$ cat entry-v3.cif   # mmCIF, C-alpha atoms and all ligand atoms
data_coords
loop_
_atom_site.label_atom_id
_atom_site.label_comp_id
_atom_site.auth_asym_id
_atom_site.auth_seq_id
_atom_site.Cartn_x
_atom_site.Cartn_y
_atom_site.Cartn_z
CA MET U 1 0.00 0.00 0.00
CA THR U 2 1.27 3.39 -0.85
CA MET U 3 0.10 6.84 -0.07
CA LEU U 4 -0.45 8.91 -3.11
CA PRO U 5 0.05 12.65 -2.99
CA ASN U 6 -2.41 14.36 -0.77
CA TYR U 7 -4.23 16.51 -3.26
CA SER U 8 -6.68 18.86 -1.66
CA SER U 9 -7.61 20.86 -4.72
CA GLN U 10 -7.44 20.52 -8.47
CA ASP U 11 -4.40 22.80 -8.50
CA CYS U 12 -2.40 20.44 -6.32
CA PRO U 13 -1.09 18.15 -9.07
CA ARG U 14 0.26 21.17 -10.91
CA ALA U 15 1.83 22.49 -7.71
CA TRP U 16 3.35 19.10 -7.02
CA GLU U 17 4.85 18.89 -10.46
CA MET U 18 6.24 22.39 -10.32
CA MET U 19 8.05 22.12 -7.00
CA PRO U 20 11.41 20.68 -8.10
CA TRP U 21 11.75 23.23 -10.89
CA VAL U 22 10.92 26.15 -8.63
CA LEU U 23 13.46 24.80 -6.14
CA GLN U 24 16.21 24.56 -8.73
CA ALA U 25 15.27 27.98 -10.07
CA SER U 26 14.56 26.67 -13.54
CA ALA U 27 10.87 27.57 -13.43
CA THR U 28 9.76 30.93 -14.72
CA GLN U 29 9.05 33.77 -12.34
CA GLU U 30 5.38 33.43 -13.17
CA GLN U 31 5.38 29.77 -12.20
CA GLY U 32 7.19 30.60 -9.00
CA GLU U 33 4.60 33.19 -8.10
CA TRP U 34 1.77 30.82 -8.91
CA LEU U 35 3.25 28.20 -6.62
CA THR U 36 3.80 30.68 -3.79
CA HIS U 37 0.18 31.68 -4.08
CA HIS U 38 -0.98 28.08 -4.03
CA LEU U 39 1.19 27.22 -1.03
CA ALA U 40 -0.31 30.10 0.91
CA HIS U 41 -3.67 28.37 0.67
CA CYS U 42 -2.73 24.71 0.70
CA GLU U 43 -1.36 23.08 3.79
CA ALA U 44 -0.73 19.72 2.13
CA CYS U 45 1.42 21.23 -0.59
CA ARG U 46 3.25 23.36 1.98
CA ALA U 47 4.25 20.18 3.77
CA GLU U 48 5.35 18.58 0.54
CA PHE U 49 7.34 21.64 -0.46
CA ALA U 50 9.12 21.65 2.90
CA GLN U 51 10.03 18.02 2.31
CA GLN U 52 11.25 18.83 -1.18
CA LYS U 53 13.48 21.55 0.20
CA ARG U 54 14.93 19.14 2.69
CA LEU U 55 15.52 16.60 -0.03
CA LYS U 56 17.38 19.11 -2.14
CA GLN U 57 19.45 20.18 0.85
CA ALA U 58 20.34 16.58 1.66
CA MET U 59 21.20 15.90 -1.96
CA SER U 60 23.54 18.86 -2.04
CA LEU U 61 25.83 17.51 0.67
CA PRO U 62 29.18 16.48 -0.74
CA SER U 63 29.87 12.82 -1.38
CA HIS U 64 30.59 10.84 1.75
CA VAL U 65 32.80 8.41 -0.15
CA ASP U 66 36.40 9.47 -0.18
CA VAL U 67 37.88 9.18 -3.66
CA ASP U 68 41.41 10.47 -4.22
CA MET U 69 41.03 12.83 -7.15
CA GLU U 70 44.69 13.42 -7.97
CA ALA U 71 45.58 9.73 -7.78
CA GLY U 72 42.67 8.94 -10.07
CA LEU U 73 43.73 11.60 -12.55
CA GLN U 74 47.28 10.25 -12.63
CA ARG U 75 45.94 6.77 -13.35
CA LEU U 76 43.77 8.14 -16.14
CA LEU U 77 46.71 9.98 -17.71
CA GLY U 78 48.76 6.81 -17.47
CA ARG U 79 45.99 4.94 -19.21
CA LEU U 80 46.07 7.31 -22.16
CA ASP U 81 49.61 6.17 -22.84
CA ALA U 82 48.84 2.51 -22.36
CA PRO U 83 48.65 -0.02 -25.19
CA VAL U 84 46.83 1.82 -27.95
CA GLU U 85 48.41 5.23 -27.98
CA ALA U 86 51.69 4.55 -29.71
CA PRO U 87 54.07 7.52 -29.37
CA GLN U 88 53.85 8.42 -33.05
CA HIS U 89 50.13 8.97 -32.64
CA VAL U 90 50.39 11.37 -29.79
CA HIS U 91 50.76 14.36 -32.00
CA ALA U 92 48.39 13.12 -34.66
CA ARG U 93 45.53 15.48 -35.31
CA ARG U 94 42.03 14.27 -34.77
CA SER U 95 41.41 13.89 -38.46
CA GLY U 96 44.39 11.62 -38.93
CA GLY U 97 44.42 9.89 -35.60
CA TRP U 98 40.72 9.51 -35.16
CA LEU U 99 40.31 6.16 -36.78
CA THR U 100 43.18 4.67 -34.83
CA ARG U 101 41.81 6.02 -31.61
CA ALA U 102 38.31 5.06 -32.54
CA LEU U 103 39.35 1.50 -33.08
CA ALA U 104 40.83 1.44 -29.64
CA ALA U 105 37.85 3.20 -28.19
CA ALA U 106 35.38 1.05 -30.05
CA VAL U 107 35.70 -1.97 -27.82
CA LEU U 108 34.96 -0.05 -24.66
CA ILE U 109 32.36 2.24 -26.10
CA GLN U 110 30.51 -0.55 -27.79
CA ALA U 111 30.71 -2.71 -24.73
CA ILE U 112 29.05 0.09 -22.84
CA GLY U 113 26.55 1.15 -25.46
CA ILE U 114 25.56 -2.32 -26.50
CA GLY U 115 25.83 -3.70 -23.03
CA ALA U 116 23.34 -1.19 -21.77
CA LEU U 117 21.04 -2.06 -24.62
CA GLY U 118 21.40 -5.72 -23.98
CA LEU U 119 20.46 -5.18 -20.39
CA LYS U 120 17.49 -2.98 -20.96
CA VAL U 121 16.10 -3.86 -24.28
CA TRP U 122 17.17 -6.95 -26.05
CA THR U 123 17.98 -9.11 -23.05
CA PRO U 124 19.98 -11.52 -25.18
CA GLY U 125 21.79 -14.59 -23.88
CA ASP U 126 24.42 -14.05 -21.23
CA SER U 127 27.45 -13.95 -23.43
CA ALA U 128 25.81 -11.75 -26.03
CA THR U 129 25.51 -8.87 -23.60
CA TYR U 130 29.22 -8.52 -23.38
CA ARG U 131 29.97 -9.17 -27.01
CA THR U 132 31.25 -6.13 -28.73
CA LEU U 133 30.71 -5.23 -32.31
CA SER U 134 34.34 -5.77 -33.06
CA GLN U 135 34.11 -9.36 -31.94
CA GLU U 136 31.54 -10.39 -34.41
CA PRO U 137 32.51 -12.47 -37.41
CA ALA U 138 34.07 -10.42 -40.13
CA THR U 139 31.78 -9.54 -42.98
CA PRO U 140 33.15 -8.34 -46.26
CA ALA U 141 33.80 -4.66 -45.75
CA THR U 142 31.52 -2.45 -47.80
CA ALA U 143 32.84 0.99 -48.66
CA GLY U 144 31.58 3.54 -46.17
CA ALA U 145 29.77 0.93 -44.09
CA ILE U 146 28.53 2.02 -40.68
CA ARG U 147 27.23 0.00 -37.79
CA VAL U 148 24.13 1.49 -36.30
CA VAL U 149 22.12 0.65 -33.23
CA PRO U 150 18.63 2.12 -33.31
CA ASP U 151 16.86 2.83 -30.08
CA ALA U 152 14.35 0.20 -29.03
CA GLY U 153 11.61 2.79 -29.19
CA MET U 154 12.32 3.70 -32.81
CA THR U 155 9.53 2.75 -35.16
CA LEU U 156 10.17 0.92 -38.36
CA ALA U 157 8.71 3.85 -40.28
CA ASP U 158 11.17 6.29 -38.67
CA TRP U 159 14.05 3.94 -39.27
CA ASN U 160 13.13 3.56 -42.94
CA ALA U 161 12.63 7.30 -43.33
CA LEU U 162 16.01 8.01 -41.80
CA LEU U 163 17.79 5.52 -44.04
CA HIS U 164 15.99 6.92 -47.04
CA SER U 165 16.88 10.52 -46.19
CA LEU U 166 20.54 9.62 -45.82
CA GLN U 167 20.46 7.34 -48.85
CA LEU U 168 21.55 4.37 -46.85
CA GLN U 169 20.64 0.73 -47.20
CA VAL U 170 20.93 -2.09 -44.74
CA VAL U 171 23.62 -4.52 -45.83
CA GLY U 172 23.75 -6.63 -42.69
CA GLY U 173 22.23 -7.33 -39.32
CA PRO U 174 20.65 -7.05 -36.98
CA ASN U 175 23.22 -9.07 -35.09
CA ASP U 176 22.51 -10.49 -31.68
CA VAL U 177 22.98 -7.14 -30.02
CA GLY U 178 20.69 -5.34 -32.43
CA ALA U 179 23.32 -3.63 -34.56
CA TYR U 180 22.69 -3.12 -38.25
CA THR U 181 25.32 -2.57 -40.89
CA VAL U 182 24.32 0.14 -43.32
CA ALA U 183 26.09 1.43 -46.40
CA PRO U 184 25.51 4.34 -48.76
CA ALA U 185 23.23 3.45 -51.65
CA ALA U 186 25.05 6.00 -53.77
CA SER U 187 28.69 6.68 -53.03
CA THR U 188 28.26 10.43 -52.90
CA ALA U 189 28.04 11.37 -49.24
CA SER U 190 31.13 11.30 -47.07
CA GLN U 191 31.09 8.69 -44.37
CA GLN U 192 31.98 11.25 -41.72
CA ASN U 193 29.07 13.41 -42.75
CA THR U 194 26.67 10.49 -42.72
CA LEU U 195 27.98 9.42 -39.33
CA GLN U 196 27.37 12.83 -37.91
CA GLN U 197 23.85 12.89 -39.21
CA LEU U 198 23.14 9.43 -37.88
CA ARG U 199 24.47 10.34 -34.48
CA ALA U 200 22.39 13.48 -34.46
CA ALA U 201 19.27 11.63 -35.54
CA HIS U 202 16.55 10.99 -33.05
CA GLY U 203 16.33 7.34 -32.09
CA ILE U 204 19.89 6.40 -32.98
CA ARG U 205 21.83 5.05 -30.08
CA LEU U 206 25.15 4.38 -31.63
CA ALA U 207 26.78 4.78 -35.01
CA GLU U 208 30.35 3.70 -35.64
CA PRO U 209 32.28 3.25 -38.84
CA VAL U 210 32.95 -0.34 -39.83
CA SER U 211 36.62 -0.90 -40.28
CA ASP U 212 38.14 -3.77 -42.16
CA THR U 213 41.13 -3.59 -39.86
CA PRO U 214 40.93 -6.28 -37.20
CA MET W 1 4.98 14.92 -24.11
CA SER W 2 5.63 18.46 -23.12
CA SER W 3 8.16 19.64 -20.62
CA THR W 4 7.42 23.30 -21.01
CA ASP W 5 6.75 23.51 -17.31
CA ALA W 6 10.42 22.89 -16.76
CA ILE W 7 12.13 25.10 -19.26
CA LYS W 8 15.46 26.09 -17.90
CA PRO W 9 16.62 29.44 -19.10
CA MET W 10 20.37 29.17 -18.89
CA ASN W 11 21.60 31.87 -16.58
CA ASP W 12 24.88 33.68 -17.06
CA ALA W 13 26.78 31.35 -14.77
CA ASP W 14 25.53 28.31 -16.70
CA LEU W 15 26.46 29.87 -20.00
CA ASN W 16 29.92 30.80 -18.80
CA THR W 17 30.57 27.35 -17.43
CA ASP W 18 29.37 25.73 -20.59
CA ALA W 19 31.47 28.01 -22.78
CA THR W 20 34.53 27.14 -20.69
CA ASP W 21 33.72 23.44 -20.90
CA ARG W 22 33.38 23.64 -24.67
CA GLN W 23 36.77 25.28 -24.97
CA LEU W 24 38.24 22.55 -22.83
CA LEU W 25 36.71 19.89 -25.08
CA GLN W 26 38.16 21.57 -28.15
CA ARG W 27 41.57 21.57 -26.58
CA MET W 28 41.14 17.93 -25.63
CA ALA W 29 40.22 17.10 -29.21
CA ALA W 30 43.58 18.57 -30.19
CA GLY W 31 45.33 16.36 -27.65
CA ASP W 32 45.74 18.85 -24.80
CA ARG W 33 46.03 16.88 -21.58
CA THR W 34 46.05 19.95 -19.40
CA ALA W 35 42.51 20.63 -20.58
CA LEU W 36 41.57 17.07 -19.71
CA ALA W 37 43.00 17.52 -16.21
CA ILE W 38 41.04 20.74 -15.70
CA LEU W 39 37.77 19.17 -16.81
CA TYR W 40 38.48 16.12 -14.66
CA ARG W 41 38.99 18.23 -11.56
CA ASN W 42 35.96 20.40 -12.30
CA TYR W 43 33.65 17.40 -12.56
CA HIS W 44 35.17 15.11 -9.97
CA GLY W 45 33.07 16.30 -7.04
CA ARG W 46 29.70 16.06 -8.74
CA LEU W 47 30.52 12.73 -10.39
CA CYS W 48 31.56 11.31 -7.02
CA ARG W 49 28.30 12.43 -5.51
CA PHE W 50 26.28 11.10 -8.44
CA LEU W 51 28.06 7.74 -8.43
CA SER W 52 28.11 7.36 -4.65
CA ARG W 53 24.34 7.03 -4.81
CA GLN W 54 24.93 3.88 -6.82
CA THR W 55 27.93 2.35 -5.10
CA ARG W 56 29.88 3.04 -1.94
CA ARG W 57 33.10 1.53 -3.23
CA PRO W 58 35.68 4.23 -3.95
CA GLU W 59 37.60 2.03 -6.39
CA VAL W 60 34.46 1.46 -8.45
CA ILE W 61 33.66 5.17 -8.42
CA GLU W 62 37.14 5.99 -9.63
CA GLU W 63 36.92 3.34 -12.32
CA VAL W 64 33.68 4.81 -13.62
CA ILE W 65 35.00 8.37 -13.54
CA ASN W 66 38.10 7.30 -15.42
CA ASP W 67 36.12 5.31 -17.99
CA CYS W 68 33.96 8.38 -18.43
CA PHE W 69 36.87 10.73 -19.02
CA TRP W 70 38.68 8.22 -21.16
CA ILE W 71 35.67 8.23 -23.46
CA ALA W 72 35.35 12.01 -23.22
CA TRP W 73 38.99 12.24 -24.30
CA GLN W 74 38.41 9.95 -27.27
CA LYS W 75 35.15 11.59 -28.26
CA ALA W 76 35.90 15.23 -27.49
CA GLY W 77 36.13 16.02 -31.19
CA ASP W 78 32.73 14.47 -31.82
CA PHE W 79 30.87 16.56 -29.26
CA ARG W 80 27.90 17.87 -31.23
CA GLY W 81 27.10 20.82 -29.05
CA ASP W 82 23.35 20.23 -29.02
CA SER W 83 23.41 19.87 -25.26
CA ARG W 84 25.42 21.37 -22.49
CA VAL W 85 28.78 19.71 -21.93
CA SER W 86 27.67 18.80 -18.41
CA THR W 87 24.70 16.87 -19.81
CA TRP W 88 26.99 15.05 -22.23
CA ILE W 89 29.45 14.10 -19.50
CA MET W 90 26.74 12.99 -17.08
CA GLY W 91 25.29 10.81 -19.84
CA ILE W 92 28.63 9.09 -20.38
CA ALA W 93 29.06 8.66 -16.63
CA TYR W 94 25.57 7.20 -16.33
CA ARG W 95 26.30 4.59 -18.99
CA CYS W 96 29.73 3.79 -17.56
CA GLY W 97 28.07 3.43 -14.17
CA LEU W 98 25.56 0.92 -15.52
CA LYS W 99 28.37 -1.13 -16.99
CA ALA W 100 30.36 -1.06 -13.76
CA LEU W 101 27.36 -2.03 -11.65
CA ARG W 102 26.79 -4.99 -13.90
CA GLN W 103 30.40 -6.06 -13.63
CA HIS W 104 30.75 -5.56 -9.92
CA GLY W 105 27.26 -6.45 -8.91
CA GLU W 106 24.81 -3.89 -7.73
CA GLU W 107 25.05 -3.78 -3.98
CA PRO W 108 22.16 -2.65 -1.88
CA VAL W 109 22.55 0.77 -0.39
CA GLU W 110 23.20 0.22 3.27
CA ASP W 111 20.84 1.34 5.96
CA ASN W 112 23.35 3.47 7.77
CA ILE W 113 26.66 4.78 6.66
CA PRO W 114 29.45 3.04 8.58
CA GLU W 115 31.13 5.29 11.11
CA GLU W 116 34.61 4.97 9.72
CA ARG W 117 33.55 6.26 6.35
CA MET W 118 31.97 9.38 7.71
CA PRO W 119 34.01 12.50 7.24
CA ALA W 120 35.34 13.45 10.66
CA ASP W 121 34.04 16.98 10.45
CA ASP W 122 30.51 16.02 9.45
CA PRO W 123 28.28 18.18 11.63
CA ASP W 124 25.47 16.43 13.45
CA GLU W 125 22.91 18.18 11.34
CA ASP W 126 24.50 16.95 8.12
CA ARG W 127 24.73 13.47 9.48
CA GLU W 128 21.08 13.49 10.41
CA LEU W 129 20.21 14.69 6.94
CA ARG W 130 22.36 11.99 5.33
CA ASP W 131 20.69 9.30 7.39
CA TRP W 132 17.30 10.66 6.51
CA LEU W 133 18.23 10.67 2.84
CA SER W 134 19.77 7.22 2.74
CA LYS W 135 16.67 5.75 4.35
CA GLY W 136 14.64 7.19 1.53
CA LEU W 137 16.97 6.41 -1.33
CA GLU W 138 17.32 2.76 -0.46
CA ARG W 139 13.68 2.28 -1.25
CA LEU W 140 14.03 3.61 -4.77
CA SER W 141 14.89 1.65 -7.88
CA HIS W 142 18.24 2.37 -9.49
CA ASP W 143 16.65 4.49 -12.20
CA GLN W 144 14.57 6.43 -9.69
CA ARG W 145 17.67 7.17 -7.61
CA VAL W 146 19.47 8.42 -10.68
CA VAL W 147 16.60 10.73 -11.58
CA VAL W 148 16.36 12.10 -8.04
CA GLU W 149 20.09 12.72 -7.91
CA LEU W 150 20.15 14.43 -11.29
CA VAL W 151 17.19 16.68 -10.50
CA TYR W 152 17.80 17.58 -6.85
CA GLY W 153 21.52 17.00 -6.53
CA GLU W 154 22.72 18.31 -9.88
CA GLY W 155 19.92 20.65 -10.86
CA HIS W 156 19.22 19.07 -14.25
CA THR W 157 15.92 19.67 -16.03
CA LEU W 158 13.57 16.98 -17.31
CA ASP W 159 14.98 17.39 -20.79
CA ASP W 160 18.54 17.07 -19.50
CA VAL W 161 17.72 13.93 -17.58
CA ALA W 162 15.99 12.43 -20.61
CA ALA W 163 19.12 13.12 -22.66
CA ILE W 164 21.39 11.67 -19.99
CA MET W 165 19.36 8.50 -19.54
CA GLN W 166 18.45 8.30 -23.23
CA CYS W 167 14.77 7.84 -22.56
CA PRO W 168 11.62 9.85 -23.24
CA VAL W 169 10.80 12.86 -21.06
CA GLY W 170 7.58 11.12 -20.04
CA THR W 171 9.58 8.25 -18.58
CA VAL W 172 11.66 10.67 -16.53
CA LYS W 173 8.48 12.37 -15.31
CA ALA W 174 7.04 9.04 -14.25
CA ARG W 175 10.24 8.00 -12.45
CA LEU W 176 10.39 11.30 -10.66
CA PHE W 177 6.76 11.09 -9.64
CA HIS W 178 7.04 7.57 -8.28
CA ALA W 179 10.30 8.39 -6.53
CA ARG W 180 8.62 11.31 -4.81
CA VAL W 181 5.65 9.22 -3.75
CA LYS W 182 7.99 6.58 -2.29
CA LEU W 183 10.15 9.16 -0.55
CA ARG W 184 7.09 10.76 0.89
CA ASN W 185 5.96 7.46 2.32
CA VAL W 186 9.33 6.42 3.66
CA LEU W 187 10.14 9.82 5.04
CA PRO W 188 6.87 10.89 6.54
CA ALA W 189 8.40 13.25 9.07
CA LEU W 190 7.05 16.29 7.35
CA ALA W 191 4.12 14.71 5.64
CA GLU W 192 0.72 15.22 7.09
CA ARG W 193 -2.55 13.40 6.82
CA SER W 194 -2.48 11.26 3.70
CA LEU W 195 -4.96 9.03 2.03
CA THR W 196 -3.92 5.49 1.30
CA PHE W 197 -4.25 3.93 -2.10
CA LYS W 198 -2.86 1.00 -3.95
CA GLU W 199 0.36 2.03 -5.64
CA GLN W 200 0.00 2.45 -9.35
CA ALA W 201 2.28 0.60 -11.68
CA PRO W 202 5.32 2.70 -12.56
ZN ZN C 1 -2.08 21.93 -2.97
#

$ encode --input "entry-v3.cif" --output "structure tokens" --more "lines below"
Ligand SMILES: [Zn+2]
Amino acid sequence: MTMLPNYSSQDCPRAWEMMPWVLQASATQEQGEWLTHHLAHCEACRAEFAQQKRLKQAMSLPSHVDVDMEAGLQRLLGRLDAPVEAPQHVHARRSGGWLTRALAAAVLIQAIGIGALGLKVWTPGDSATYRTLSQEPATPATAGAIRVVPDAGMTLADWNALLHSLQLQVVGGPNDVGAYTVAPAASTASQQNTLQQLRAAHGIRLAEPVSDTP
Amino acid sequence: MSSTDAIKPMNDADLNTDATDRQLLQRMAAGDRTALAILYRNYHGRLCRFLSRQTRRPEVIEEVINDCFWIAWQKAGDFRGDSRVSTWIMGIAYRCGLKALRQHGEEPVEDNIPEERMPADDPDEDRELRDWLSKGLERLSHDQRVVVELVYGEGHTLDDVAAIMQCPVGTVKARLFHARVKLRNVLPALAERSLTFKEQAP
């Protein structure tokens, strides 16, 4: 059994909803004034607002877990030099070094991105959750191919419309983590450009270039 | 689903911070490690707080923070700029946190914080508030805790939280609502007369 909010007038739900935003000062002045007015007349909402204030105050206390920031930073900087970043790449510009870095990053990023999907959406078999895109069997590389993971909530119509607008066609997938391989139908658009548009598109969770490098 | 009731006009301080963060990302994209260090130090406190709602283990918190910044370092050049940098970073941290919790096992949030882990200078009032809060938070689902932390602890809007958790605004609203109802029931100190109903499905 749970107690629902104690609404004493039809304005109460609105007041309830508005409280956190007034507290964090993201509500408009008008909304703030409306709430103040309501609170003056509504004891139940006054009690709730007091509780909300206390919650915010409690939430603002610094972390009680002691984590050594400088030691952590040193370990992170050390990690940047670890296996993947060969010295000759250190000074590489993003445009030149990106692919190399992306390949290194891909395993982790995909493990995270896909892993989260696996957990929440596809609930595949145990091992599949931790499979990364780079571990899947090699498919013949198509020029400009991109692996894309659409959001679970994306409709087929939206997916088709997006592919159509970017002149892409599905050439593989979905694999067991829900990733599709898409490639340009016409070889006009630059892969980087297409990638950016895919990543910006609503409903796209992940888009990474397919590399034929192992 | 409208979130117009929670439009956050960025104030000057927000804008300045975000402009600084963007510059730091640009420098990171060009390989500037000093910029990475600055961003790391700027975000360390809030990431610790955010992640300590999900685990009490300092080594796991550090691992998640470092995974987060490792990705931020790799992806700095890809930052699209359609959200604030803080939203982008919290989103990465949220996903890294999910991964870490899966790997290390999600531990229940303890009833009371062990004495030895309490900062020595924690005033009684703060301690009381922490106890009050941890009693409430332990009753929330992981997602509800994250929403509560992002809204009340970090001051993110509904739209921000939806971007961070990559879910619809309506889902965030529902999580926030149910978290508040639970908190209200667990922490009735300030609550007054309430009617009792069956809890609705989340
Ligand atoms: Zn009311």

$ residues_near_ligand --input "entry-v3.cif" --ligand "ligand ZN 1 (chain C)" --cutoff "8 Å" --atoms "all atoms listed in the file" --output "number ranges by chain"
U: 6-13, 15-16, 38-39, 41-46

$ residues_around --input "entry-v3.cif" --residues "W:Leu36" --least-positions-apart "3" --cutoff "10 Å" --atoms "all atoms listed in the file" --output "PyMOL selection string"
(chain U and resi 73+76-77) or (chain W and resi 24-25+27-29+31-33+39-42+69-70+72-73+76)

$ residues_around --input "entry-v3.cif" --residues "stretch 200-204 of chain U" --least-positions-apart "4" --cutoff "6 Å" --atoms "only C-alpha atoms" --output "mmCIF file with C-alpha atoms, in the frame of the given file"
data_model
loop_
_atom_site.group_PDB
_atom_site.id
_atom_site.type_symbol
_atom_site.label_atom_id
_atom_site.label_comp_id
_atom_site.auth_asym_id
_atom_site.auth_seq_id
_atom_site.Cartn_x
_atom_site.Cartn_y
_atom_site.Cartn_z
ATOM 1 C CA PRO U 150 18.630 2.120 -33.310
ATOM 2 C CA ASP U 151 16.860 2.830 -30.080
ATOM 3 C CA MET U 154 12.320 3.700 -32.810
#

$ closest_residue --input "entry-v3.cif" --among "W:Tyr43, W:Ala93, W:Pro58, W:Glu125" --to "chain U" --atoms "all atoms listed in the file"
W:Pro58

$ atom_distance --input "entry-v3.cif" --atom1 "atom CA of W:Arg130" --atom2 "atom CA of W:His156"
21.1 Å

$ closest_residue --input "entry-v3.cif" --among "W:Gly77, W:Leu133, W:Gly153, W:Ala162" --to "W:Gln23" --atoms "all atoms listed in the file"
W:Gly77

$ closest_residue --input "entry-v3.cif" --among "U:Asn175, U:Ser60, U:Thr36, U:Gln52" --to "chain W" --atoms "all atoms listed in the file"
U:Ser60

$ axis_aligned_box --input "entry-v3.cif" --around "stretch 144-163 of chain U" --padding-each-side "5 Å" --output "AutoDock Vina command-line options"
--center_x 20.1 --center_y 4.0 --center_z -37.6 --size_x 32.9 --size_y 18.0 --size_z 27.1

$ atom_distance --input "entry-v3.cif" --atom1 "atom CA of U:His37" --atom2 "atom CA of U:Pro5"
19.1 Å

$ closest_residue --input "entry-v3.cif" --among "W:Val147, W:Ala35, W:Met165, W:Leu158" --to "W:Ile89" --atoms "all atoms listed in the file"
W:Met165

$ atom_distance --input "entry-v3.cif" --atom1 "atom CA of U:Leu23" --atom2 "atom CA of W:Arg53"
20.9 Å

$ closest_residue --input "entry-v3.cif" --among "U:Ala157, U:Ala186, U:Ala40, U:Val65" --to "chain W" --atoms "only C-alpha atoms"
U:Val65

$ closest_residue --input "entry-v3.cif" --among "U:Met59, U:Leu35, U:Val22, U:Leu156" --to "chain W" --atoms "only C-alpha atoms"
U:Met59

$ decode --input "entry-v3.cif" --residues "stretch 4-15 of chain U" --atoms "N, CA and C atoms" --output "JSON list (two decimals), in the first residue's frame"
[["chain", "number", "residue", "atom", "x", "y", "z"],
["U", 4, "LEU", "N", -0.62, 8.01, -1.98],
["U", 4, "LEU", "CA", -0.45, 8.91, -3.11],
["U", 4, "LEU", "C", -0.42, 10.34, -2.59],
["U", 5, "PRO", "N", 0.01, 11.26, -3.44],
["U", 5, "PRO", "CA", 0.05, 12.65, -2.99],
["U", 5, "PRO", "C", -1.30, 13.08, -2.43],
["U", 6, "ASN", "N", -1.21, 13.91, -1.45],
["U", 6, "ASN", "CA", -2.41, 14.36, -0.77],
["U", 6, "ASN", "C", -2.94, 15.62, -1.45],
["U", 7, "TYR", "N", -3.71, 15.38, -2.50],
["U", 7, "TYR", "CA", -4.23, 16.51, -3.26],
["U", 7, "TYR", "C", -5.49, 17.05, -2.60],
["U", 8, "SER", "N", -5.48, 18.31, -2.28],
["U", 8, "SER", "CA", -6.68, 18.86, -1.66],
["U", 8, "SER", "C", -7.43, 19.81, -2.58],
["U", 9, "SER", "N", -6.86, 20.09, -3.73],
["U", 9, "SER", "CA", -7.61, 20.86, -4.72],
["U", 9, "SER", "C", -7.13, 20.46, -6.10],
["U", 10, "GLN", "N", -7.82, 20.94, -7.12],
["U", 10, "GLN", "CA", -7.44, 20.52, -8.47],
["U", 10, "GLN", "C", -6.14, 21.17, -8.91],
["U", 11, "ASP", "N", -5.68, 22.18, -8.18],
["U", 11, "ASP", "CA", -4.40, 22.80, -8.50],
["U", 11, "ASP", "C", -3.21, 22.03, -7.93],
["U", 12, "CYS", "N", -3.49, 21.12, -7.01],
["U", 12, "CYS", "CA", -2.40, 20.44, -6.32],
["U", 12, "CYS", "C", -1.47, 19.65, -7.24],
["U", 13, "PRO", "N", -2.01, 18.87, -8.20],
["U", 13, "PRO", "CA", -1.09, 18.15, -9.07],
["U", 13, "PRO", "C", -0.11, 19.08, -9.78],
["U", 14, "ARG", "N", -0.61, 20.22, -10.22],
["U", 14, "ARG", "CA", 0.26, 21.17, -10.91],
["U", 14, "ARG", "C", 1.32, 21.71, -9.95],
["U", 15, "ALA", "N", 0.88, 21.99, -8.72],
["U", 15, "ALA", "CA", 1.83, 22.49, -7.71],
["U", 15, "ALA", "C", 2.89, 21.44, -7.43]]
